[in-house]
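S.K.: final.txt is reproduced below (compact mmCIF, C-alpha atoms).
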# COMPACT_ATOMS: atom_id res chain seq x y z
CA MET A 935 37.50 -5.11 -39.37
CA ALA A 936 38.15 -5.63 -35.67
CA TYR A 937 38.53 -9.01 -34.07
CA THR A 938 40.09 -10.60 -31.00
CA LEU A 939 42.62 -13.38 -31.08
CA LYS A 940 41.88 -16.05 -28.47
CA LYS A 941 45.01 -18.24 -28.60
CA ILE A 942 47.63 -19.75 -30.85
CA THR A 943 48.37 -23.45 -30.76
CA PRO A 944 51.31 -25.00 -32.61
CA VAL A 945 50.61 -28.17 -34.60
CA LEU A 946 53.87 -30.05 -35.07
CA MET A 947 54.03 -32.43 -38.02
CA VAL A 948 55.97 -35.64 -37.38
CA GLU A 949 56.36 -39.07 -38.94
CA ALA A 950 55.18 -40.78 -35.72
CA ILE A 951 53.55 -39.28 -32.63
CA GLU A 952 54.17 -42.07 -30.13
CA PRO A 953 57.94 -41.35 -29.67
CA CYS A 954 57.13 -37.71 -28.80
CA LEU A 955 54.64 -38.37 -26.01
CA PRO A 956 57.06 -39.38 -23.19
CA PHE A 957 58.96 -36.10 -23.59
CA TRP A 958 55.85 -33.99 -22.93
CA LYS A 959 54.32 -36.31 -20.34
CA ALA A 960 57.56 -36.05 -18.30
CA LEU A 961 56.95 -32.29 -18.26
CA GLY A 962 53.42 -32.81 -16.93
CA PHE A 963 51.44 -32.49 -20.16
CA GLU A 964 48.26 -34.53 -20.40
CA GLN A 965 46.97 -36.06 -23.61
CA VAL A 966 43.36 -34.85 -23.86
CA ALA A 967 42.46 -35.94 -27.38
CA GLU A 968 43.66 -38.40 -29.96
CA VAL A 969 42.69 -39.50 -33.44
CA PRO A 970 43.94 -42.83 -34.76
CA HIS A 971 45.34 -43.07 -38.27
CA GLY A 972 46.49 -46.33 -39.81
CA ASP A 973 48.29 -48.45 -37.21
CA GLY A 974 48.98 -45.61 -34.79
CA LEU A 975 48.05 -42.13 -33.73
CA GLY A 976 47.41 -39.55 -36.41
CA PHE A 977 46.71 -36.57 -34.17
CA VAL A 978 46.90 -35.67 -30.46
CA ILE A 979 46.31 -32.66 -28.25
CA LEU A 980 48.50 -32.18 -25.18
CA VAL A 981 47.80 -29.60 -22.45
CA LYS A 982 49.31 -28.31 -19.22
CA ASP A 983 48.40 -25.18 -17.29
CA GLY A 984 46.46 -23.69 -20.21
CA VAL A 985 49.27 -24.34 -22.68
CA GLU A 986 48.20 -26.46 -25.65
CA LEU A 987 50.29 -28.34 -28.21
CA MET A 988 49.16 -30.56 -31.07
CA TYR A 989 50.93 -33.23 -33.08
CA GLN A 990 49.79 -34.64 -36.41
CA THR A 991 51.54 -37.22 -38.53
CA ARG A 992 52.61 -36.37 -42.06
CA ALA A 993 50.40 -39.23 -43.34
CA SER A 994 47.38 -37.81 -41.50
CA VAL A 995 48.09 -34.30 -42.79
CA HIS A 996 48.40 -35.72 -46.30
CA ASP A 997 44.97 -37.33 -46.03
CA ASP A 998 43.42 -34.19 -44.51
CA MET A 999 45.21 -31.29 -46.25
CA PRO A 1000 47.56 -32.69 -48.94
CA SER A 1001 49.19 -29.36 -49.82
CA LEU A 1002 50.43 -28.93 -46.23
CA ALA A 1003 52.04 -32.37 -46.09
CA LYS A 1004 54.94 -31.11 -48.23
CA ALA A 1005 56.09 -28.68 -45.53
CA PRO A 1006 59.42 -29.50 -43.86
CA MET A 1007 59.37 -31.00 -40.39
CA GLY A 1008 61.47 -29.77 -37.48
CA GLY A 1009 61.34 -26.13 -38.55
CA THR A 1010 59.39 -24.62 -35.65
CA THR A 1011 60.98 -23.42 -32.42
CA LEU A 1012 58.69 -23.53 -29.39
CA PHE A 1013 59.32 -20.95 -26.65
CA LEU A 1014 57.76 -21.80 -23.29
CA GLU A 1015 57.99 -19.45 -20.34
CA VAL A 1016 58.06 -21.42 -17.08
CA THR A 1017 58.02 -20.62 -13.37
CA ASP A 1018 60.69 -23.13 -12.27
CA LEU A 1019 63.49 -23.85 -14.74
CA GLU A 1020 65.23 -26.23 -12.33
CA ALA A 1021 62.11 -28.43 -12.21
CA VAL A 1022 61.93 -28.45 -16.01
CA ILE A 1023 65.59 -29.39 -16.33
CA LYS A 1024 65.05 -32.24 -13.86
CA ALA A 1025 61.99 -33.45 -15.82
CA LEU A 1026 63.96 -33.35 -19.08
CA GLY A 1027 66.34 -35.96 -17.71
CA LYS A 1028 68.88 -36.96 -20.35
CA THR A 1029 67.23 -35.07 -23.21
CA PRO A 1030 70.06 -33.74 -25.40
CA VAL A 1031 70.69 -30.03 -24.88
CA LEU A 1032 70.90 -27.74 -27.93
CA VAL A 1033 71.75 -24.57 -26.01
CA PRO A 1034 73.17 -24.92 -22.49
CA ARG A 1035 71.54 -22.95 -19.70
CA ARG A 1036 72.24 -19.26 -20.13
CA GLN A 1037 71.18 -15.75 -19.14
CA THR A 1038 69.85 -13.77 -22.08
CA PHE A 1039 69.98 -10.07 -22.90
CA TYR A 1040 66.16 -10.02 -22.67
CA GLY A 1041 66.22 -11.11 -19.03
CA MET A 1042 65.56 -14.84 -19.26
CA ASP A 1043 67.31 -17.81 -17.70
CA GLU A 1044 66.86 -20.46 -20.40
CA ILE A 1045 67.84 -23.78 -21.89
CA ALA A 1046 67.04 -25.25 -25.31
CA VAL A 1047 66.50 -28.89 -26.21
CA ARG A 1048 65.11 -30.79 -29.19
CA GLU A 1049 61.86 -32.70 -28.71
CA PRO A 1050 61.71 -36.21 -30.27
CA GLY A 1051 59.83 -34.95 -33.33
CA GLY A 1052 62.78 -32.73 -34.25
CA ASP A 1053 61.61 -29.27 -33.20
CA PRO A 1054 63.72 -27.09 -30.86
CA VAL A 1055 62.10 -26.18 -27.54
CA VAL A 1056 63.32 -23.28 -25.41
CA PHE A 1057 62.29 -23.25 -21.74
CA ALA A 1058 62.75 -19.82 -20.18
CA MET A 1059 62.22 -18.25 -16.77
CA PRO A 1060 62.37 -14.50 -16.05
As structure tokens - that is how I would like this structure written.

M.R.:
Amino acid sequence: MAYTLKKITPVLMVEAIEPCLPFWKALGFEQVAEVPHGDGLGFVILVKDGVELMYQTRASVHDDMPSLAKAPMGGTTLFLEVTDLEAVIKALGKTPVLVPRRQTFYGMDEIAVREPGGDPVVFAMP
């Protein structure tokens, strides 16, 4: 059976979405969709330059797909290739660095941080 993959979008599970939004908005991401759940947000979609990222709270996942709500949080590493690493570093401000800026064996200039939901994010520029 032949088929074509169109895209892959990570959905990060967190306890609360609101603390994560400033991190991505500082990098120029726009919130294009949201679904309330309880007293806050249960789900959001963030986009920038054709890159898409979703967040969903554990409580929302539990109500939607209970078997997935048992998965650990903070276990996904996001790798984003960028055109201007200096601009990204400036936008990150005082975000704690996991891996200081380095040159890799695979030809990337990169830095790694942890987004507020707990997942590592690597920003890399060829």

S.K.: Within 8 Å of region 1027-1037 of chain A, counting all atoms listed in the file, which residues show up once you throw out same-chain ones fewer than 6 positions away? Write them as a ChimeraX atom specification, please.

M.R.: /A:1043-1048,1054

S.K.: Keeping only C-alpha atoms, write the selected residues as a JSON list (two decimals), keeping the file's coordinate frame.

M.R.:
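Now in out28.json:
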[["chain", "number", "residue", "atom", "x", "y", "z"],
["A", 1043, "ASP", "CA", 67.31, -17.81, -17.70],
["A", 1044, "GLU", "CA", 66.86, -20.46, -20.40],
["A", 1045, "ILE", "CA", 67.84, -23.78, -21.89],
["A", 1046, "ALA", "CA", 67.04, -25.25, -25.31],
["A", 1047, "VAL", "CA", 66.50, -28.89, -26.21],
["A", 1048, "ARG", "CA", 65.11, -30.79, -29.19],
["A", 1054, "PRO", "CA", 63.72, -27.09, -30.86]]

S.K.: Rounded to one decimal place, report the CA of Glu986 (chain A)-CA of Val1022 (chain A) distance in Å.

M.R.: 16.9 Å

S.K.: Which one is closest to Gly962 (chain A): A:Lys941, A:Met1007, A:Ala993, A:Ala1021? Count all atoms listed in the file.

M.R.: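 Counting all atoms listed in the file, the residue closest to Gly962 (chain A) is A:Ala1021.
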
S.K.: So how far away is CA of Asp998 (chain A) from CA of Lys959 (chain A), in Å?

M.R.: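 Value for the CA of Lys959 (chain A)-CA of Asp998 (chain A) distance: 26.6 Å.
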
S.K.: Do a neighbour search on Asp1053 (chain A) at 10 Å with all atoms listed in the file, toss out local chain neighbours closer than 5 positions, and write the hits as a ChimeraX atom specification.

M.R.: /A:946-948,1007-1012,1047-1048

S.K.: Please produce a file of those selected residues containing C-alpha atoms, as a PDB file, in the coordinates of the input.

M.R.:
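Ended up saving to part.pdb:
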ATOM      1  CA  LEU A 946      53.870 -30.050 -35.070  1.00  0.00           C
ATOM      2  CA  MET A 947      54.030 -32.430 -38.020  1.00  0.00           C
ATOM      3  CA  VAL A 948      55.970 -35.640 -37.380  1.00  0.00           C
ATOM      4  CA  MET A1007      59.370 -31.000 -40.390  1.00  0.00           C
ATOM      5  CA  GLY A1008      61.470 -29.770 -37.480  1.00  0.00           C
ATOM      6  CA  GLY A1009      61.340 -26.130 -38.550  1.00  0.00           C
ATOM      7  CA  THR A1010      59.390 -24.620 -35.650  1.00  0.00           C
ATOM      8  CA  THR A1011      60.980 -23.420 -32.420  1.00  0.00           C
ATOM      9  CA  LEU A1012      58.690 -23.530 -29.390  1.00  0.00           C
ATOM     10  CA  VAL A1047      66.500 -28.890 -26.210  1.00  0.00           C
ATOM     11  CA  ARG A1048      65.110 -30.790 -29.190  1.00  0.00           C
TER      12      ARG A1048
END

S.K.: Excluding same-chain residues fewer than 4 positions from Ala1025 (chain A), what lies within 12 Å of it counting all atoms listed in the file, as a VMD selection string?

M.R.: chain A and resid 956 to 963 1018 to 1021 1029 1057

S.K.: Using only C-alpha atoms, which of A:Leu1002, A:Thr938, A:Met1059, A:Val1016 sits nearest Lys982 (chain A)?

M.R.: A:Val1016

S.K.: Between CA of Ala967 (chain A) and CA of Leu980 (chain A), what is the spacing in Å?

M.R.: 7.4 Å

S.K.: Can you pull out the residues contacting His971 (chain A)? Cut-off 12 Å, using all atoms listed in the file, and skip same-chain residues under 2 positions away; I want them as a short mmCIF file (atom, residue, chain, number, x, y, z; two decimals) with C-alpha atoms, keeping the file's coordinate frame.

M.R.:
data_model
loop_
_atom_site.label_atom_id
_atom_site.label_comp_id
_atom_site.auth_asym_id
_atom_site.auth_seq_id
_atom_site.Cartn_x
_atom_site.Cartn_y
_atom_site.Cartn_z
CA GLU A 949 56.36 -39.07 -38.94
CA ALA A 950 55.18 -40.78 -35.72
CA ILE A 951 53.55 -39.28 -32.63
CA GLU A 968 43.66 -38.40 -29.96
CA VAL A 969 42.69 -39.50 -33.44
CA ASP A 973 48.29 -48.45 -37.21
CA GLY A 974 48.98 -45.61 -34.79
CA LEU A 975 48.05 -42.13 -33.73
CA GLY A 976 47.41 -39.55 -36.41
CA PHE A 977 46.71 -36.57 -34.17
CA VAL A 978 46.90 -35.67 -30.46
CA GLN A 990 49.79 -34.64 -36.41
CA THR A 991 51.54 -37.22 -38.53
CA ARG A 992 52.61 -36.37 -42.06
CA ALA A 993 50.40 -39.23 -43.34
CA SER A 994 47.38 -37.81 -41.50
CA VAL A 995 48.09 -34.30 -42.79
CA HIS A 996 48.40 -35.72 -46.30
CA ASP A 997 44.97 -37.33 -46.03
CA ASP A 998 43.42 -34.19 -44.51
#

S.K.: Which polymer residues, whether protein, DNA or RNA, lie within 6 Å of the coordinate (60.4, -36.2, -28.4) when you count only C-alpha atoms? List them as a list of chain:residue names, using the chain letters and numbers from the file.

M.R.: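 Within the cut-off we find A:Pro953, A:Cys954, A:Phe957, A:Glu1049, A:Pro1050, A:Gly1051.
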
S.K.: Those residues you just picked out, can you put them in a file as a tab-separated table (two decimals), in the coordinates of the input with C-alpha atoms?

M.R.:
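Result went into selection-v5.tsv, see below:
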chain	number	residue	atom	x	y	z
A	953	PRO	CA	57.94	-41.35	-29.67
A	954	CYS	CA	57.13	-37.71	-28.80
A	957	PHE	CA	58.96	-36.10	-23.59
A	1049	GLU	CA	61.86	-32.70	-28.71
A	1050	PRO	CA	61.71	-36.21	-30.27
A	1051	GLY	CA	59.83	-34.95	-33.33

S.K.: Skipping near chain neighbours, those fewer than 5 positions away, what residues fall within 8 Å of Leu1014 (chain A) using only C-alpha atoms, listed as JSON, numbers by chain?

M.R.: {"A": [1055, 1056, 1057, 1058]}

S.K.: Put a box with edges along x, y and z around all the listed atoms of region 986-1003 of chain A, pad it by 8 Å on each side, then give me its centre and sizes in Å, one decimal, as AutoDock Vina command-line options.

M.R.:
--center_x 48.0 --center_y -32.8 --center_z -37.7 --size_x 25.2 --size_y 28.8 --size_z 40.2

S.K.: Go through A:Gly984, A:Lys1024, A:Ala1003, A:Tyr989 and flag the residue nearest Gly1052 (chain A), using all atoms listed in the file for the distances.

M.R.: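 Using all atoms listed in the file, Gly1052 (chain A) sits closest to A:Tyr989.
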
S.K.: Name the closest residue to Val945 (chain A) among the candidates A:Val966, A:Met988, A:Ile1023, A:Met1042; distances are taken between atoms, counting only C-alpha atoms.

M.R.: A:Met988
